[in-house]
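Chemist: I have a structure I would like to understand better, so I am pasting it below and will then ask my questions one at a time.
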Amino acid sequence: MSDGIDNAAATDTLDVRVWRGDERGGDWHAYRVPAAANQTVLDVVTWIQRHREPNLAYRFACRVGVCGSCAMSVNGEPRWTCRTHVQDAARDGVLRIGPLRNLPLVRDLACDMAPFFDRWQEAGGRFVPSSDRHADIAAISPESPARRIADAAIQCINCAVCYAACDVVQWKPDYLGPAALNRAWSLVNDERDAGNKDRLRAVAGDAGCHNCHSQHNCTRYCPNQLDPGASIAGLKRTTMKAALKGQL
Amino acid sequence: MPIRLYMLQRLSALVMAPLVLVHLAVIIIAVRSGLDAETLLGRTRGSLVWGLVYGTFVVAVSIHAAIGLRTVLDEWAHIRGKALDAAMWAIGLGLLGLGSRAVYAVTVG
């Protein structure tokens, strides 16, 4: 660990360790960061980048929990850093901020998200229209059971927190993962979509939903309180019914 | 895990669940009533019922364990593709061979 602590600001400061490095290796660096009320983990990272390490690599955009780009590992747990308060995340007064696991590292706290979005495509996460632009807007009742199920899964912001939390992704990197399967489940229940035949086949394959061990780390850590574990369970039921009918 | 293996593993678990209870009951009754090997074999040999019970059990165990170990080999040993399926078949057929031999021994002789 490098000796980057600024002892001149020892009062009302946070003890922060930030992982710095790339795919070839790296190390934890220590910083003292001024404490502030309602401070978020992203505030802390930004302070370090602006005042101590101008070349610190990390990713953020909206700062209000919408864009899904600022997820990092905070004291070993995947978190959306813009909405995670330091007081909730620190352990024994220490913040250890690292990159998300299960994704290739670009540098420091920035991961390559390409595999995460590749899984979306592989799981049939693309909407397949059942009509064209000249047709009337489909009337889907908010009360219909399928619409309710789709609604429950649709607010994903693609932060990859669930992907980083999933042990099966770690063990089997080609596993589609909770976010892609959650997306597939929302489309399976989208009454306007016409792509379920290929989609169900995709999520029933060797890398598909049946790899899930139902540990539900995805549901535990989802910052939007979605339940990807339930979505995966829904896919398991739906694909089994389709298989029994000879549709897969 | 492909869906057919997933379904086969659940189906074999359904079959195994009552047979495990039967097997445990047989062990407990045999031990507590002090039956020796000769007496036990006298009851099982030529019995179609015991042959079917343990024959079904062996088939279900072979399927269930082979698929389960396939997952372990996939996730922990990172064996993939044809090698993974070959390992699954080897485990399944190995268990089936060993189990069938045991069933044959206690029901036929």
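Identifiers for the structure tokens are assigned positionally: chains receive A, B, ... in sequence, residues are indexed from 1 per chain, and ligands are indexed from 1 in the order shown.
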Would you mind listing what lies within 10 Å of Ser100 in chain B as a list in words, with only C-alpha atoms counted and same-chain residues fewer than 6 positions away left out?

Modeler: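 Here the qualifying residues turn out to be Gly51, Tyr54, Gly55, Thr56, Phe57, Val58, Val59 and Gly94 of chain B.
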
Chemist: Using only C-alpha atoms, select each residue of chain B with any atom at most 7 Å away from an atom of chain A, and give the selection as a PyMOL selection string.

Modeler: chain B and resi 1-3+6+75-76

Chemist: Calculated over only C-alpha atoms, which of the candidates B:Gly109, B:Pro18, B:Gly92, B:Gly68 has the smallest distance to Gly46 in chain B?

Modeler: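 Checking each candidate against Gly46 in chain B, we get B:Gly109 as the closest.
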
Chemist: Which polymer residues have any atom within 12 Å of an atom of Arg220 in chain A, counting only C-alpha atoms, with same-chain residues fewer than 2 positions away left out, as a PDB file with N, CA, C and O atoms, in the first residue's frame?

Modeler:
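Generated output (around_6.pdb):
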```pdb
ATOM      1  N   GLU A  77     -18.605  -5.189  -1.256  1.00  0.00           N
ATOM      2  CA  GLU A  77     -19.970  -5.381  -1.735  1.00  0.00           C
ATOM      3  C   GLU A  77     -20.240  -4.463  -2.920  1.00  0.00           C
ATOM      4  O   GLU A  77     -19.864  -3.291  -2.902  1.00  0.00           O
ATOM      5  N   PRO A  78     -20.923  -4.996  -3.969  1.00  0.00           N
ATOM      6  CA  PRO A  78     -21.213  -4.140  -5.126  1.00  0.00           C
ATOM      7  C   PRO A  78     -22.270  -3.094  -4.773  1.00  0.00           C
ATOM      8  O   PRO A  78     -23.305  -3.438  -4.197  1.00  0.00           O
ATOM      9  N   ARG A  79     -22.003  -1.856  -5.128  1.00  0.00           N
ATOM     10  CA  ARG A  79     -22.907  -0.764  -4.762  1.00  0.00           C
ATOM     11  C   ARG A  79     -22.986   0.254  -5.890  1.00  0.00           C
ATOM     12  O   ARG A  79     -22.027   0.439  -6.630  1.00  0.00           O
ATOM     13  N   VAL A 161     -24.477  -4.287 -10.907  1.00  0.00           N
ATOM     14  CA  VAL A 161     -24.293  -4.676  -9.505  1.00  0.00           C
ATOM     15  C   VAL A 161     -24.660  -6.151  -9.313  1.00  0.00           C
ATOM     16  O   VAL A 161     -23.933  -6.911  -8.664  1.00  0.00           O
ATOM     17  N   CYS A 162     -25.786  -6.574  -9.913  1.00  0.00           N
ATOM     18  CA  CYS A 162     -26.205  -7.975  -9.763  1.00  0.00           C
ATOM     19  C   CYS A 162     -25.197  -8.919 -10.424  1.00  0.00           C
ATOM     20  O   CYS A 162     -24.926 -10.008  -9.912  1.00  0.00           O
ATOM     21  N   TYR A 163     -24.668  -8.497 -11.548  1.00  0.00           N
ATOM     22  CA  TYR A 163     -23.688  -9.312 -12.287  1.00  0.00           C
ATOM     23  C   TYR A 163     -22.425  -9.514 -11.446  1.00  0.00           C
ATOM     24  O   TYR A 163     -21.847 -10.595 -11.408  1.00  0.00           O
ATOM     25  N   ALA A 164     -22.030  -8.441 -10.748  1.00  0.00           N
ATOM     26  CA  ALA A 164     -20.845  -8.526  -9.893  1.00  0.00           C
ATOM     27  C   ALA A 164     -21.129  -9.317  -8.623  1.00  0.00           C
ATOM     28  O   ALA A 164     -20.225  -9.925  -8.044  1.00  0.00           O
ATOM     29  N   ALA A 165     -22.388  -9.330  -8.189  1.00  0.00           N
ATOM     30  CA  ALA A 165     -22.744 -10.025  -6.947  1.00  0.00           C
ATOM     31  C   ALA A 165     -22.926 -11.520  -7.158  1.00  0.00           C
ATOM     32  O   ALA A 165     -22.933 -12.283  -6.191  1.00  0.00           O
ATOM     33  N   CYS A 166     -23.052 -11.942  -8.415  1.00  0.00           N
ATOM     34  CA  CYS A 166     -23.447 -13.324  -8.706  1.00  0.00           C
ATOM     35  C   CYS A 166     -22.244 -14.270  -8.694  1.00  0.00           C
ATOM     36  O   CYS A 166     -21.306 -14.116  -9.474  1.00  0.00           O
ATOM     37  N   PRO A 178     -27.803 -12.405 -14.040  1.00  0.00           N
ATOM     38  CA  PRO A 178     -29.130 -11.962 -13.592  1.00  0.00           C
ATOM     39  C   PRO A 178     -29.711 -10.797 -14.379  1.00  0.00           C
ATOM     40  O   PRO A 178     -30.925 -10.772 -14.628  1.00  0.00           O
ATOM     41  N   SER A 214     -30.065 -20.039  -7.244  1.00  0.00           N
ATOM     42  CA  SER A 214     -31.049 -19.389  -6.361  1.00  0.00           C
ATOM     43  C   SER A 214     -30.415 -18.853  -5.072  1.00  0.00           C
ATOM     44  O   SER A 214     -31.029 -18.905  -4.008  1.00  0.00           O
ATOM     45  N   GLN A 215     -29.192 -18.369  -5.166  1.00  0.00           N
ATOM     46  CA  GLN A 215     -28.565 -17.751  -3.992  1.00  0.00           C
ATOM     47  C   GLN A 215     -29.128 -16.350  -3.737  1.00  0.00           C
ATOM     48  O   GLN A 215     -29.037 -15.830  -2.646  1.00  0.00           O
ATOM     49  N   HIS A 216     -29.629 -15.736  -4.805  1.00  0.00           N
ATOM     50  CA  HIS A 216     -30.331 -14.450  -4.710  1.00  0.00           C
ATOM     51  C   HIS A 216     -29.452 -13.294  -4.249  1.00  0.00           C
ATOM     52  O   HIS A 216     -29.950 -12.340  -3.647  1.00  0.00           O
ATOM     53  N   ASN A 217     -28.145 -13.377  -4.510  1.00  0.00           N
ATOM     54  CA  ASN A 217     -27.309 -12.194  -4.272  1.00  0.00           C
ATOM     55  C   ASN A 217     -27.739 -11.047  -5.179  1.00  0.00           C
ATOM     56  O   ASN A 217     -27.623  -9.880  -4.817  1.00  0.00           O
ATOM     57  N   CYS A 218     -28.227 -11.387  -6.378  1.00  0.00           N
ATOM     58  CA  CYS A 218     -28.693 -10.351  -7.308  1.00  0.00           C
ATOM     59  C   CYS A 218     -29.818  -9.540  -6.680  1.00  0.00           C
ATOM     60  O   CYS A 218     -29.810  -8.300  -6.706  1.00  0.00           O
ATOM     61  N   CYS A 222     -29.499  -5.599  -5.656  1.00  0.00           N
ATOM     62  CA  CYS A 222     -30.053  -4.698  -6.677  1.00  0.00           C
ATOM     63  C   CYS A 222     -30.408  -3.352  -6.055  1.00  0.00           C
ATOM     64  O   CYS A 222     -31.248  -3.271  -5.152  1.00  0.00           O
ATOM     65  N   PRO A 223     -29.790  -2.265  -6.513  1.00  0.00           N
ATOM     66  CA  PRO A 223     -30.051  -0.970  -5.884  1.00  0.00           C
ATOM     67  C   PRO A 223     -31.450  -0.444  -6.159  1.00  0.00           C
ATOM     68  O   PRO A 223     -31.928   0.432  -5.446  1.00  0.00           O
ATOM     69  N   ASN A 224     -32.110  -0.990  -7.194  1.00  0.00           N
ATOM     70  CA  ASN A 224     -33.473  -0.548  -7.498  1.00  0.00           C
ATOM     71  C   ASN A 224     -34.522  -1.463  -6.893  1.00  0.00           C
ATOM     72  O   ASN A 224     -35.699  -1.389  -7.265  1.00  0.00           O
ATOM     73  N   GLN A 225     -34.096  -2.328  -6.001  1.00  0.00           N
ATOM     74  CA  GLN A 225     -35.002  -3.286  -5.344  1.00  0.00           C
ATOM     75  C   GLN A 225     -35.775  -4.144  -6.340  1.00  0.00           C
ATOM     76  O   GLN A 225     -36.927  -4.505  -6.099  1.00  0.00           O
ATOM     77  N   LEU A 226     -35.152  -4.443  -7.475  1.00  0.00           N
ATOM     78  CA  LEU A 226     -35.747  -5.428  -8.381  1.00  0.00           C
ATOM     79  C   LEU A 226     -35.458  -6.822  -7.826  1.00  0.00           C
ATOM     80  O   LEU A 226     -34.647  -6.980  -6.910  1.00  0.00           O
ATOM     81  N   ASP A 227     -36.101  -7.809  -8.429  1.00  0.00           N
ATOM     82  CA  ASP A 227     -35.924  -9.180  -7.953  1.00  0.00           C
ATOM     83  C   ASP A 227     -35.520 -10.082  -9.121  1.00  0.00           C
ATOM     84  O   ASP A 227     -36.323 -10.888  -9.600  1.00  0.00           O
ATOM     85  N   PRO A 228     -34.269  -9.951  -9.587  1.00  0.00           N
ATOM     86  CA  PRO A 228     -33.839 -10.794 -10.709  1.00  0.00           C
ATOM     87  C   PRO A 228     -33.947 -12.283 -10.390  1.00  0.00           C
ATOM     88  O   PRO A 228     -34.188 -13.090 -11.293  1.00  0.00           O
ATOM     89  N   GLY A 229     -33.812 -12.638  -9.118  1.00  0.00           N
ATOM     90  CA  GLY A 229     -33.948 -14.048  -8.743  1.00  0.00           C
ATOM     91  C   GLY A 229     -35.331 -14.572  -9.083  1.00  0.00           C
ATOM     92  O   GLY A 229     -35.481 -15.701  -9.578  1.00  0.00           O
ATOM     93  N   ALA A 230     -36.344 -13.770  -8.829  1.00  0.00           N
ATOM     94  CA  ALA A 230     -37.713 -14.180  -9.174  1.00  0.00           C
ATOM     95  C   ALA A 230     -37.897 -14.218 -10.685  1.00  0.00           C
ATOM     96  O   ALA A 230     -38.616 -15.080 -11.211  1.00  0.00           O
TER      97      ALA A 230
END
```

Chemist: Find the residues near Met88 in chain B: any atom within 9 Å, counting only C-alpha atoms, skip ones fewer than 6 places away on the same chain, and give them as a list in words.

Modeler: Ala65, Ala66, Ile67, Gly68, Leu69 and Arg70 of chain B

Chemist: I need the strand (DSSP E) residues of range 4-196 of chain A per DSSP on the backbone, written as a ChimeraX atom specification.

Modeler: /A:13-22,25-34,71-74,77-80,94-98,105-107,110-111

Chemist: Could the residues in this selection be written to a file with N, CA and C atoms, as an mmCIF file, in the first residue's frame?

Modeler:
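Contents of result_0.cif, freshly written:
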```
data_model
loop_
_atom_site.group_PDB
_atom_site.id
_atom_site.type_symbol
_atom_site.label_atom_id
_atom_site.label_comp_id
_atom_site.auth_asym_id
_atom_site.auth_seq_id
_atom_site.Cartn_x
_atom_site.Cartn_y
_atom_site.Cartn_z
ATOM 1 N N THR A 13 -11.841 13.414 9.030
ATOM 2 C CA THR A 13 -11.495 12.845 7.719
ATOM 3 C C THR A 13 -11.891 11.379 7.681
ATOM 4 N N LEU A 14 -12.022 10.884 6.469
ATOM 5 C CA LEU A 14 -12.338 9.476 6.253
ATOM 6 C C LEU A 14 -11.069 8.725 5.887
ATOM 7 N N ASP A 15 -10.992 7.489 6.351
ATOM 8 C CA ASP A 15 -9.885 6.612 5.976
ATOM 9 C C ASP A 15 -10.338 5.818 4.750
ATOM 10 N N VAL A 16 -9.794 6.155 3.599
ATOM 11 C CA VAL A 16 -10.264 5.567 2.343
ATOM 12 C C VAL A 16 -9.128 4.804 1.666
ATOM 13 N N ARG A 17 -9.417 3.588 1.224
ATOM 14 C CA ARG A 17 -8.442 2.810 0.434
ATOM 15 C C ARG A 17 -9.056 2.601 -0.949
ATOM 16 N N VAL A 18 -8.292 2.939 -1.951
ATOM 17 C CA VAL A 18 -8.778 2.822 -3.332
ATOM 18 C C VAL A 18 -7.863 1.874 -4.101
ATOM 19 N N TRP A 19 -8.467 0.925 -4.814
ATOM 20 C CA TRP A 19 -7.666 -0.004 -5.609
ATOM 21 C C TRP A 19 -7.226 0.693 -6.887
ATOM 22 N N ARG A 20 -5.912 0.665 -7.144
ATOM 23 C CA ARG A 20 -5.397 1.272 -8.360
ATOM 24 C C ARG A 20 -4.542 0.266 -9.116
ATOM 25 N N GLY A 21 -4.782 0.169 -10.402
ATOM 26 C CA GLY A 21 -4.020 -0.768 -11.213
ATOM 27 C C GLY A 21 -4.801 -1.147 -12.450
ATOM 28 N N ASP A 22 -4.334 -2.202 -13.113
ATOM 29 C CA ASP A 22 -5.043 -2.684 -14.298
ATOM 30 C C ASP A 22 -5.029 -4.205 -14.299
ATOM 31 N N GLY A 25 -2.196 -6.099 -12.675
ATOM 32 C CA GLY A 25 -1.994 -6.076 -11.227
ATOM 33 C C GLY A 25 -2.166 -4.672 -10.682
ATOM 34 N N GLY A 26 -2.188 -4.568 -9.379
ATOM 35 C CA GLY A 26 -2.356 -3.262 -8.764
ATOM 36 C C GLY A 26 -2.260 -3.376 -7.259
ATOM 37 N N ASP A 27 -2.685 -2.319 -6.557
ATOM 38 C CA ASP A 27 -2.533 -2.301 -5.112
ATOM 39 C C ASP A 27 -3.540 -1.330 -4.506
ATOM 40 N N TRP A 28 -3.739 -1.454 -3.205
ATOM 41 C CA TRP A 28 -4.622 -0.529 -2.503
ATOM 42 C C TRP A 28 -3.826 0.712 -2.103
ATOM 43 N N HIS A 29 -4.373 1.884 -2.390
ATOM 44 C CA HIS A 29 -3.741 3.152 -2.013
ATOM 45 C C HIS A 29 -4.609 3.823 -0.945
ATOM 46 N N ALA A 30 -3.957 4.428 0.032
ATOM 47 C CA ALA A 30 -4.690 5.026 1.158
ATOM 48 C C ALA A 30 -4.777 6.540 1.019
ATOM 49 N N TYR A 31 -5.930 7.076 1.381
ATOM 50 C CA TYR A 31 -6.147 8.524 1.316
ATOM 51 C C TYR A 31 -6.929 8.971 2.534
ATOM 52 N N ARG A 32 -6.698 10.222 2.938
ATOM 53 C CA ARG A 32 -7.556 10.877 3.915
ATOM 54 C C ARG A 32 -8.452 11.854 3.150
ATOM 55 N N VAL A 33 -9.735 11.706 3.331
ATOM 56 C CA VAL A 33 -10.689 12.526 2.588
ATOM 57 C C VAL A 33 -11.560 13.285 3.592
ATOM 58 N N PRO A 34 -11.742 14.595 3.410
ATOM 59 C CA PRO A 34 -12.585 15.349 4.343
ATOM 60 C C PRO A 34 -13.988 14.763 4.435
ATOM 61 N N ALA A 71 -21.252 2.052 -10.556
ATOM 62 C CA ALA A 71 -21.162 0.942 -9.606
ATOM 63 C C ALA A 71 -19.717 0.535 -9.360
ATOM 64 N N MET A 72 -19.410 0.282 -8.104
ATOM 65 C CA MET A 72 -18.072 -0.158 -7.692
ATOM 66 C C MET A 72 -18.232 -1.129 -6.536
ATOM 67 N N SER A 73 -17.138 -1.733 -6.164
ATOM 68 C CA SER A 73 -17.132 -2.603 -5.000
ATOM 69 C C SER A 73 -16.742 -1.755 -3.790
ATOM 70 N N VAL A 74 -17.626 -1.695 -2.804
ATOM 71 C CA VAL A 74 -17.370 -0.876 -1.616
ATOM 72 C C VAL A 74 -17.323 -1.802 -0.406
ATOM 73 N N GLU A 77 -18.605 -5.189 -1.256
ATOM 74 C CA GLU A 77 -19.970 -5.381 -1.735
ATOM 75 C C GLU A 77 -20.240 -4.463 -2.920
ATOM 76 N N PRO A 78 -20.923 -4.996 -3.969
ATOM 77 C CA PRO A 78 -21.213 -4.140 -5.126
ATOM 78 C C PRO A 78 -22.270 -3.094 -4.773
ATOM 79 N N ARG A 79 -22.003 -1.856 -5.128
ATOM 80 C CA ARG A 79 -22.907 -0.764 -4.762
ATOM 81 C C ARG A 79 -22.986 0.254 -5.890
ATOM 82 N N TRP A 80 -24.137 0.952 -5.987
ATOM 83 C CA TRP A 80 -24.170 2.142 -6.847
ATOM 84 C C TRP A 80 -23.634 3.275 -5.975
ATOM 85 N N VAL A 94 -13.546 2.662 7.888
ATOM 86 C CA VAL A 94 -12.722 2.515 6.686
ATOM 87 C C VAL A 94 -13.608 2.241 5.470
ATOM 88 N N LEU A 95 -13.279 2.882 4.348
ATOM 89 C CA LEU A 95 -13.923 2.614 3.061
ATOM 90 C C LEU A 95 -12.894 1.986 2.133
ATOM 91 N N ARG A 96 -13.189 0.794 1.645
ATOM 92 C CA ARG A 96 -12.303 0.168 0.643
ATOM 93 C C ARG A 96 -13.070 0.137 -0.676
ATOM 94 N N ILE A 97 -12.593 0.915 -1.627
ATOM 95 C CA ILE A 97 -13.320 1.079 -2.893
ATOM 96 C C ILE A 97 -12.517 0.438 -4.020
ATOM 97 N N GLY A 98 -13.131 -0.545 -4.669
ATOM 98 C CA GLY A 98 -12.452 -1.243 -5.765
ATOM 99 C C GLY A 98 -13.371 -1.377 -6.966
ATOM 100 N N LEU A 105 -11.062 -5.516 -16.249
ATOM 101 C CA LEU A 105 -10.716 -4.195 -15.728
ATOM 102 C C LEU A 105 -10.101 -3.338 -16.830
ATOM 103 N N VAL A 106 -10.573 -2.107 -16.948
ATOM 104 C CA VAL A 106 -9.908 -1.151 -17.838
ATOM 105 C C VAL A 106 -8.732 -0.552 -17.065
ATOM 106 N N ARG A 107 -9.062 0.142 -15.981
ATOM 107 C CA ARG A 107 -8.020 0.674 -15.097
ATOM 108 C C ARG A 107 -8.676 1.196 -13.814
ATOM 109 N N ALA A 110 -12.583 1.535 -13.143
ATOM 110 C CA ALA A 110 -13.395 1.453 -14.369
ATOM 111 C C ALA A 110 -13.290 0.061 -14.984
ATOM 112 N N CYS A 111 -14.448 -0.598 -15.134
ATOM 113 C CA CYS A 111 -14.493 -1.930 -15.741
ATOM 114 C C CYS A 111 -14.956 -1.835 -17.186
#
```

Chemist: Determine, counting only C-alpha atoms, which protein, DNA and RNA residues have an atom within 9 Å of an atom of Ile140 in chain A; residues of the same chain fewer than 3 positions away are not included. Present the result as a PyMOL selection string.

Modeler: chain A and resi 143-144+147+191-192

Chemist: Extract, using only C-alpha atoms, all DNA, RNA and protein residues at most 10 Å from Ala37 in chain A, discarding same-chain residues fewer than 4 positions from it, and format them as a ChimeraX atom specification.

Modeler: /A:85-87
